[in-house]
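Colleague: Please find one structure pasted underneath; my questions will follow.
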Amino acid sequence: MKNHIRVVAIISLVLIVAGGAYSYGVTRSAAIVKPVVTESAHALLQPRQNQAMPSPASASAASLPDFTALVAKATPAVVSIHITEAMNTSSENLPPWLDKNNPFFDFISPFMHPGNGSAAPVIQGQGSGFILTPDGYILTNAHVVDNATDITVKLQDEREFPAKVTGKDKMSDVAILKIDASGLPTLNIGDSNKLKVGEWVVAIGSPFGFEHTVSAGVVSGITRNLNEGSTVPFIQTDVAINPGSSGGPLLDMNGDVVGM
């Protein structure tokens with residue numbers, strides 16, 4: 001019995017010694033690998049604790065572009081274009097939705113104005129454009145002035161001028177107008193070949209008749225082909241464009257025209 005007690009005592013002593021060695025070894029290892037933080041390194045770790053972090057709103061505002069200066073400079077050179085077009089009401093020349101046999105024709109006809117001194121009604125249309133030269137040359141889309149019998153250009157300062165088409169290319173959908181004016185503000189033509197996908201761009205025009213409306217977005221794609229017989233590539237953007245915006249400038253962040 002005594003021998004049994006002695007063996008248990010020896011085993012307990014060994015476990016105590018072994019446990020002490022194990023605890024000591026961990027303590028020493030932790031002491032050895034504990035990083036030494038110098039005074040300069042400690043100072044680098046302090047600003048986040050001592051300085052207030054910027055709010056999410058201020059951080060977001062700092063990362064977004066400010067278009068105000070660009071718009072203020074470009075807007076005076078953007079014009080609204082109002083056109084009058086004589087409409088042939090013979091059934092073979094009307095689009096399907098305006099066919100006289102279509103009940104919808106009775107609804108739309110009140111919005112067609114009678115022509116001046118003629119039996120044919122006229123259509124009022126609207127688009128946008130921008131001034132190229134101080135003496136009144138203006139660039140717009142060809143489809144804005146197609147078949148127009150009268151064209152009126154309205155400037156930002158509310159002055160209105162009759163305009164005539166001096167050149168038009170339907171394949172590229174570009175038309176040049178001329179008004180009798182001088183000393184006009186102009187826009188610079190940029191290089192659309194330098195555009196990059198994701199780049200910010202701004203559009204100014206008259207969507208739904210709301211003159212000098214500004215919208216912004218990014219370039220979504222370049223050199224797009226719509227397969228409609230056009231000979232020029234298109235720029236795809238997510239900028240809001242609506243009826244009446246046609247012919248208005250697409251500007252890069254330098255305020256240069258890179259599209260229309």
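Each chain of the structure tokens is named A, B, ... in the order shown, its residues numbered from 1; ligands are numbered from 1 in display order.
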Do a neighbour search on Ser215 in chain A at 10 Å with only C-alpha atoms, toss out local chain neighbours closer than 4 positions, and write the hits as a list in words.

Modeller: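 Residues meeting the cut-off are Phe67, Val201, Val202, Ala203, Ile204, Gly205, Asp238, Val239, Ala240, Ile241 and Leu250 of chain A.
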
Colleague: For the residues in the current selection, export N, CA and C atoms as a CSV table (one decimal), in the first residue's frame.

Modeller:
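The new file out-v9.csv reads:
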```csv
chain,number,residue,atom,x,y,z
A,67,PHE,N,-20.0,69.3,-62.1
A,67,PHE,CA,-20.2,69.7,-63.4
A,67,PHE,C,-20.6,71.2,-63.6
A,201,VAL,N,-19.4,61.9,-68.9
A,201,VAL,CA,-19.8,62.7,-70.0
A,201,VAL,C,-21.1,63.5,-69.6
A,202,VAL,N,-21.3,64.6,-70.3
A,202,VAL,CA,-22.4,65.4,-70.0
A,202,VAL,C,-23.2,65.8,-71.3
A,203,ALA,N,-24.5,65.7,-71.2
A,203,ALA,CA,-25.4,66.1,-72.4
A,203,ALA,C,-26.2,67.3,-72.0
A,204,ILE,N,-26.3,68.2,-73.0
A,204,ILE,CA,-27.2,69.4,-72.8
A,204,ILE,C,-28.1,69.5,-74.0
A,205,GLY,N,-29.4,69.6,-73.7
A,205,GLY,CA,-30.4,69.7,-74.8
A,205,GLY,C,-31.7,70.1,-74.3
A,238,ASP,N,-24.9,56.0,-70.8
A,238,ASP,CA,-26.1,55.9,-69.9
A,238,ASP,C,-26.6,57.2,-69.6
A,239,VAL,N,-26.2,58.3,-70.3
A,239,VAL,CA,-26.8,59.6,-70.1
A,239,VAL,C,-28.2,59.6,-70.5
A,240,ALA,N,-29.1,60.3,-69.7
A,240,ALA,CA,-30.5,60.4,-70.1
A,240,ALA,C,-30.7,61.2,-71.3
A,241,ILE,N,-31.2,60.6,-72.4
A,241,ILE,CA,-31.5,61.3,-73.6
A,241,ILE,C,-33.0,61.1,-74.0
A,250,LEU,N,-22.6,66.2,-76.6
A,250,LEU,CA,-22.2,65.3,-75.6
A,250,LEU,C,-20.7,65.8,-75.3
```

Colleague: Quick one, how far is CA of Ser80 in chain A from CA of Gln126 in chain A?

Modeller: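 Taking CA of Ser80 in chain A as the start and CA of Gln126 in chain A as the end point, the length is 7.3 Å.
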
Colleague: Just the residues within 12 Å of Val71 in chain A, please, counting only C-alpha atoms, with nothing from its chain fewer than 3 positions along; format it as a list in words.

Modeller: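 Contacts, in chain order: Asp66, Phe67, Thr68, Ala74, Thr75, Pro76, Ala77, Val78, Leu187, Val201, Val202, Ala203, Ile204, Gly205, His212, Thr213, Val214, Ser215, Ala216, Pro249, Leu250, Leu251, Asp252, Met253, Asn254, Gly255 and Asp256 of chain A.
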
Colleague: Quick one: everything within 10 Å of Leu132 in chain A, counting only C-alpha atoms, minus sequence neighbours fewer than 2 positions away in the same chain. Send it as a ChimeraX atom specification.

Modeller: /A:77-78,129-130,134-139,176-177,184-189

Colleague: To one decimal place, how far is CA of Val219 in chain A from CA of Met260 in chain A in Å?

Modeller: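 Spanning CA of Val219 in chain A to CA of Met260 in chain A is a straight-line distance of 13.1 Å.
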
Colleague: Quick one: of A:Asp169, A:Pro233, A:Glu199, A:Gly244, who's nearest to Gln124 in chain A, counting only C-alpha atoms?

Modeller: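 Going through A:Asp169, A:Pro233, A:Glu199, A:Gly244 one by one, the smallest distance to Gln124 in chain A is for A:Gly244.
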
Colleague: For the structure I just gave you, how does DSSP split range 166-219 of chain A - specifically, which residues are strand (DSSP E)? Reply as a VMD selection string.

Modeller: chain A and resid 166 to 169 174 to 179 200 to 205 213 to 219
